[in-house]
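To be precise, the following lines are target.cif, and they hold mmCIF, C-alpha atoms.
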```cif
data_run
#
loop_
_atom_site.label_atom_id
_atom_site.label_comp_id
_atom_site.auth_asym_id
_atom_site.auth_seq_id
_atom_site.Cartn_x
_atom_site.Cartn_y
_atom_site.Cartn_z
CA MET A 1 -9.21 0.92 -111.06
CA THR A 2 -8.31 3.80 -108.95
CA GLU A 3 -4.74 4.70 -108.82
CA GLU A 4 -3.28 5.59 -105.50
CA THR A 5 -1.40 8.77 -105.36
CA PRO A 6 2.23 8.03 -104.70
CA GLY A 7 3.43 9.07 -101.17
CA PHE A 8 -0.02 9.37 -99.75
CA GLU A 9 -0.64 7.49 -96.47
CA GLU A 10 -4.06 6.83 -95.09
CA LYS A 11 -4.64 8.65 -91.77
CA PRO A 12 -7.24 7.75 -89.17
CA ASP A 13 -10.26 9.95 -88.88
CA VAL A 14 -9.54 12.97 -86.72
CA PRO A 15 -12.38 14.92 -85.11
CA SER A 16 -12.79 18.45 -86.08
CA GLY A 17 -10.53 20.75 -84.10
CA ALA A 18 -8.20 17.94 -82.93
CA THR A 19 -4.62 17.54 -84.06
CA PRO A 20 -3.20 14.34 -85.46
CA ASP A 21 -1.00 13.95 -82.35
CA ASP A 22 -4.11 13.81 -80.15
CA ALA A 23 -5.54 11.04 -82.25
CA GLU A 24 -2.35 9.01 -82.04
CA SER A 25 -2.09 9.41 -78.22
CA LYS A 26 -5.72 8.36 -77.86
CA ALA A 27 -5.33 5.33 -80.05
CA ALA A 28 -2.07 4.10 -78.42
CA PRO A 29 -2.36 2.22 -75.07
CA GLN A 30 -0.96 4.04 -72.03
CA GLU A 31 2.32 2.71 -70.80
CA GLY A 32 2.25 1.21 -67.27
CA ALA A 33 -1.52 0.89 -67.16
CA ALA A 34 -2.66 -2.20 -65.25
CA PRO A 35 -4.81 -4.61 -67.14
CA ALA A 36 -8.42 -4.60 -66.14
CA GLY A 37 -9.09 -7.28 -63.53
CA ASP A 38 -12.15 -9.02 -62.24
CA GLY A 39 -11.83 -7.66 -58.57
CA ALA A 40 -10.77 -11.00 -56.99
CA VAL A 41 -8.50 -10.97 -53.85
CA ASP A 42 -5.41 -13.14 -53.72
CA PRO A 43 -5.97 -15.88 -51.04
CA GLY A 44 -2.26 -15.87 -50.28
CA LEU A 45 -2.32 -12.22 -49.29
CA VAL A 46 -5.37 -12.82 -47.07
CA ALA A 47 -3.58 -15.66 -45.28
CA GLN A 48 -0.48 -13.54 -44.74
CA LEU A 49 -2.62 -10.71 -43.35
CA ASP A 50 -4.28 -13.11 -40.88
CA GLN A 51 -0.87 -14.35 -39.75
CA VAL A 52 0.33 -10.80 -39.17
CA ARG A 53 -2.79 -9.96 -37.17
CA THR A 54 -2.39 -13.09 -35.02
CA ALA A 55 1.28 -12.32 -34.36
CA LEU A 56 0.40 -8.72 -33.46
CA GLY A 57 -2.23 -9.89 -30.96
CA GLU A 58 0.22 -12.31 -29.36
CA ARG A 59 2.92 -9.64 -29.04
CA THR A 60 0.40 -7.19 -27.56
CA ALA A 61 -0.66 -9.76 -24.96
CA ASP A 62 3.00 -10.46 -24.10
CA LEU A 63 3.64 -6.74 -23.66
CA GLN A 64 0.62 -6.32 -21.37
CA ARG A 65 1.70 -9.32 -19.29
CA LEU A 66 5.22 -7.96 -18.94
CA GLN A 67 3.89 -4.56 -17.92
CA ALA A 68 1.67 -6.14 -15.23
CA GLU A 69 4.61 -8.19 -13.92
CA TYR A 70 6.77 -5.08 -13.78
CA GLN A 71 4.13 -3.16 -11.84
CA ASN A 72 3.82 -6.04 -9.36
CA TYR A 73 7.60 -6.13 -9.02
CA ARG A 74 7.73 -2.41 -8.27
CA ARG A 75 5.01 -2.71 -5.63
CA ARG A 76 6.77 -5.68 -4.03
CA VAL A 77 10.12 -3.87 -3.95
CA GLU A 78 8.51 -0.77 -2.41
CA ARG A 79 6.73 -2.88 0.21
CA ASP A 80 9.96 -4.71 1.08
CA ARG A 81 11.84 -1.43 1.28
CA ILE A 82 9.32 -0.01 3.76
CA THR A 83 9.42 -3.21 5.83
CA VAL A 84 13.22 -3.19 5.99
CA LYS A 85 13.18 0.47 7.00
CA GLU A 86 10.66 -0.17 9.79
CA ILE A 87 12.69 -3.11 11.10
CA ALA A 88 15.89 -1.05 11.10
CA ILE A 89 14.21 1.81 12.99
CA ALA A 90 12.66 -0.61 15.49
CA ASN A 91 16.04 -2.25 16.15
CA LEU A 92 17.70 1.12 16.65
CA LEU A 93 15.04 2.42 19.03
CA THR A 94 15.01 -0.86 20.96
CA GLU A 95 18.71 -0.34 21.69
CA LEU A 96 17.95 3.21 22.89
CA LEU A 97 15.14 2.22 25.28
CA PRO A 98 17.45 1.72 28.31
CA VAL A 99 18.79 5.25 27.77
CA ILE A 100 15.25 6.62 27.51
CA ASP A 101 14.33 4.76 30.71
CA ASP A 102 17.28 6.38 32.51
CA ILE A 103 16.09 9.78 31.28
CA GLY A 104 12.63 9.08 32.68
CA ARG A 105 13.99 8.03 36.08
CA ALA A 106 16.24 11.11 36.21
CA ARG A 107 13.20 13.30 35.46
CA GLU A 108 11.19 11.65 38.27
CA HIS A 109 13.99 12.32 40.78
CA GLY A 110 14.54 15.90 39.65
CA GLU A 111 18.01 15.17 38.27
CA LEU A 112 17.25 16.23 34.70
CA VAL A 113 18.93 19.66 34.78
CA GLY A 114 21.48 21.70 32.88
CA GLY A 115 23.11 20.40 29.73
CA PHE A 116 21.98 16.85 30.47
CA LYS A 117 18.36 18.02 30.27
CA SER A 118 18.91 19.60 26.86
CA VAL A 119 20.57 16.47 25.47
CA ALA A 120 17.87 14.23 26.94
CA GLU A 121 15.03 16.28 25.48
CA SER A 122 16.74 16.33 22.07
CA LEU A 123 17.04 12.54 22.15
CA GLU A 124 13.39 12.14 23.09
CA THR A 125 12.37 14.51 20.28
CA VAL A 126 14.35 12.55 17.68
CA ALA A 127 12.89 9.27 18.92
CA ALA A 128 9.37 10.69 18.67
CA LYS A 129 10.04 11.88 15.10
CA MET A 130 11.09 8.33 14.24
CA GLY A 131 7.67 7.12 15.41
CA LEU A 132 8.38 5.99 18.99
CA GLN A 133 5.25 6.20 21.18
CA ALA A 134 5.02 5.41 24.88
CA PHE A 135 1.92 3.73 26.33
CA GLY A 136 0.71 2.43 29.66
CA LYS A 137 -1.41 4.29 32.23
CA GLU A 138 -2.52 3.52 35.74
CA GLY A 139 -6.13 2.44 36.00
CA GLU A 140 -6.44 0.95 32.50
CA PRO A 141 -7.59 -2.68 32.14
CA PHE A 142 -4.83 -5.26 31.94
CA ASP A 143 -4.21 -6.50 28.38
CA PRO A 144 -1.73 -9.37 28.12
CA THR A 145 -0.93 -8.46 24.51
CA ILE A 146 0.58 -5.10 25.48
CA HIS A 147 1.15 -5.44 29.25
CA GLU A 148 3.60 -7.57 31.20
CA ALA A 149 2.55 -8.13 34.82
CA LEU A 150 5.49 -8.06 37.22
CA MET A 151 3.48 -7.69 40.42
CA HIS A 152 0.09 -9.05 41.43
CA SER A 153 -2.31 -8.18 44.24
CA TYR A 154 -5.98 -7.98 45.17
CA ALA A 155 -7.97 -4.81 45.67
CA PRO A 156 -11.55 -4.34 46.85
CA ASP A 157 -12.15 -1.30 44.64
CA VAL A 158 -11.57 -2.92 41.21
CA THR A 159 -14.05 -4.93 39.21
CA GLU A 160 -11.54 -6.45 36.73
CA THR A 161 -7.83 -7.06 36.46
CA THR A 162 -6.42 -3.53 36.40
CA CYS A 163 -3.01 -1.91 36.01
CA VAL A 164 -2.48 -0.13 39.32
CA ALA A 165 1.14 0.93 38.75
CA ILE A 166 3.34 1.40 35.67
CA LEU A 167 6.78 0.05 36.52
CA GLN A 168 8.15 0.63 33.03
CA PRO A 169 6.30 2.25 30.13
CA GLY A 170 5.73 0.32 26.95
CA TYR A 171 6.75 1.53 23.53
CA ARG A 172 5.41 1.00 20.05
CA ILE A 173 6.14 2.17 16.50
CA GLY A 174 2.88 2.49 14.61
CA GLU A 175 1.06 -0.79 15.26
CA ARG A 176 4.26 -2.66 16.15
CA THR A 177 4.89 -3.12 19.89
CA ILE A 178 8.64 -3.13 20.54
CA ARG A 179 8.31 -3.47 24.34
CA PRO A 180 5.23 -4.21 26.48
CA ALA A 181 4.43 -2.01 29.42
CA ARG A 182 5.64 -3.60 32.67
CA VAL A 183 2.97 -3.11 35.29
CA ALA A 184 1.64 -4.10 38.69
CA VAL A 185 -1.87 -5.47 38.49
CA ALA A 186 -4.67 -5.90 40.98
CA GLU A 187 -7.59 -8.29 40.78
CA PRO A 188 -10.94 -7.98 42.55
CA GLN A 189 -10.85 -9.19 46.16
CA PRO A 190 -12.39 -12.69 46.42
CA GLY A 191 -15.91 -12.32 47.80
CA ALA A 192 -15.87 -8.55 47.40
CA GLN A 193 -18.34 -8.68 44.53
CA ALA A 194 -20.87 -10.62 46.61
CA VAL A 195 -20.50 -8.14 49.49
CA LYS A 196 -21.07 -5.24 47.09
CA GLU A 197 -24.19 -6.87 45.69
CA GLU A 198 -25.59 -7.44 49.20
CA SER A 199 -24.83 -3.83 50.14
CA ALA A 200 -26.56 -2.60 47.01
CA GLU A 201 -29.65 -4.71 47.76
CA ALA A 202 -29.76 -3.40 51.34
CA ALA A 203 -29.52 0.18 50.10
CA ASP A 204 -32.39 -0.42 47.68
CA ASP A 205 -34.55 -1.88 50.43
CA LYS A 206 -33.82 1.08 52.67
CA GLU A 207 -34.76 3.57 49.96
CA SER A 208 -38.02 1.73 49.25
CA GLY A 209 -39.01 1.73 52.96
CA GLY A 210 -38.11 -1.85 53.80
CA PRO A 211 -40.08 -5.03 53.14
CA ASP A 212 -43.90 -4.88 53.31
CA GLU A 213 -45.36 -5.77 56.72
CA GLY A 214 -48.01 -8.52 56.82
#
```
Final structure tokens representation of the file:
Amino acid sequence: MTEETPGFEEKPDVPSGATPDDAESKAAPQEGAAPAGDGAVDPGLVAQLDQVRTALGERTADLQRLQAEYQNYRRRVERDRITVKEIAIANLLTELLPVIDDIGRAREHGELVGGFKSVAESLETVAAKMGLQAFGKEGEPFDPTIHEALMHSYAPDVTETTCVAILQPGYRIGERTIRPARVAVAEPQPGAQAVKEESAEAADDKESGGPDEG
């Protein structure tokens, strides 16, 4: 029987060049190390992730819808603002039309002189800057959408209903007519067209030497 030496403890084998502390740290398990798993994913976590993704997609769609509604609201407000502005300007200029008519009549009679002329021209300039445009000329075809006929006659030298005199000019702002032009119109003389056609035929016959003799 072998007697053990008192006080002698058996030590683990230590490689050459290594200290006993290295052997102990290698043999002891590391604190906080996760146990080796088999790589499986927790189904509960997958379900939660799907729920989060679905909620994120819904919130994104809500945000896009709200942004589109806001853009439509801004466009609608801007359009309404422009419309209200145009209506206000049209109402103001409509109230000024009698004054502008008086200025036109004074100019025709040579009464637009001195300080009155300066004030009148300034008013006309401001009205033009606000978009007021006059229309209506003698000799243009009659258009019931922009002309108002106050006088009617017949004339042998017109081929369609024509404005032969502008009694009061019309005014518009952009495409909006705020007052039609008040005009005197003339229609072709009844039977004048037939007379013209006969005269034209006679002139053609004369130029060609008359009808052929048999």
Enumerate, as a ChimeraX atom specification, the residues matched when the PyMOL selection byres ((chain A and resi 174-179) around 12) is run on the file above.
/A:83,86-87,89-98,128-136,145-148,168-173,180-182
Quick one: apply the PyMOL selection byres ((chain A and resi 141) around 10) to the file and drop the selected residues here as a PDB file with C-alpha atoms, keeping the file's coordinate frame.
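Final output, result24.pdb:
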```pdb
ATOM      1  CA  LYS A 137      -1.410   4.290  32.230  1.00  0.00           C
ATOM      2  CA  GLU A 138      -2.520   3.520  35.740  1.00  0.00           C
ATOM      3  CA  GLY A 139      -6.130   2.440  36.000  1.00  0.00           C
ATOM      4  CA  GLU A 140      -6.440   0.950  32.500  1.00  0.00           C
ATOM      5  CA  PHE A 142      -4.830  -5.260  31.940  1.00  0.00           C
ATOM      6  CA  ASP A 143      -4.210  -6.500  28.380  1.00  0.00           C
ATOM      7  CA  PRO A 144      -1.730  -9.370  28.120  1.00  0.00           C
ATOM      8  CA  HIS A 147       1.150  -5.440  29.250  1.00  0.00           C
ATOM      9  CA  VAL A 158     -11.570  -2.920  41.210  1.00  0.00           C
ATOM     10  CA  THR A 159     -14.050  -4.930  39.210  1.00  0.00           C
ATOM     11  CA  GLU A 160     -11.540  -6.450  36.730  1.00  0.00           C
ATOM     12  CA  THR A 161      -7.830  -7.060  36.460  1.00  0.00           C
ATOM     13  CA  THR A 162      -6.420  -3.530  36.400  1.00  0.00           C
ATOM     14  CA  CYS A 163      -3.010  -1.910  36.010  1.00  0.00           C
ATOM     15  CA  VAL A 164      -2.480  -0.130  39.320  1.00  0.00           C
ATOM     16  CA  VAL A 185      -1.870  -5.470  38.490  1.00  0.00           C
ATOM     17  CA  ALA A 186      -4.670  -5.900  40.980  1.00  0.00           C
TER      18      ALA A 186
END
```
For Ala127 of chain A, which residue among A:Thr54, A:Val41, A:Val99, A:Pro188 is the nearest when counting all atoms listed in the file?
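Distance minimum relative to Ala127 of chain A lands on A:Val99.
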What is the distance between atom CA of Glu69 of chain A and atom CA of Gln51 of chain A, in Å to one decimal?
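Here the two named atoms are 27.1 Å from each other.
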Take the PyMOL selection byres ((chain A and resi 189) around 6), run it mentally on this structure, and tell me the resulting residues as a list in words.
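On the file shown, the PyMOL selection byres ((chain A and resi 189) around 6) covers Tyr154, Ala155, Pro156, Pro188, Pro190 and Ala192 of chain A.
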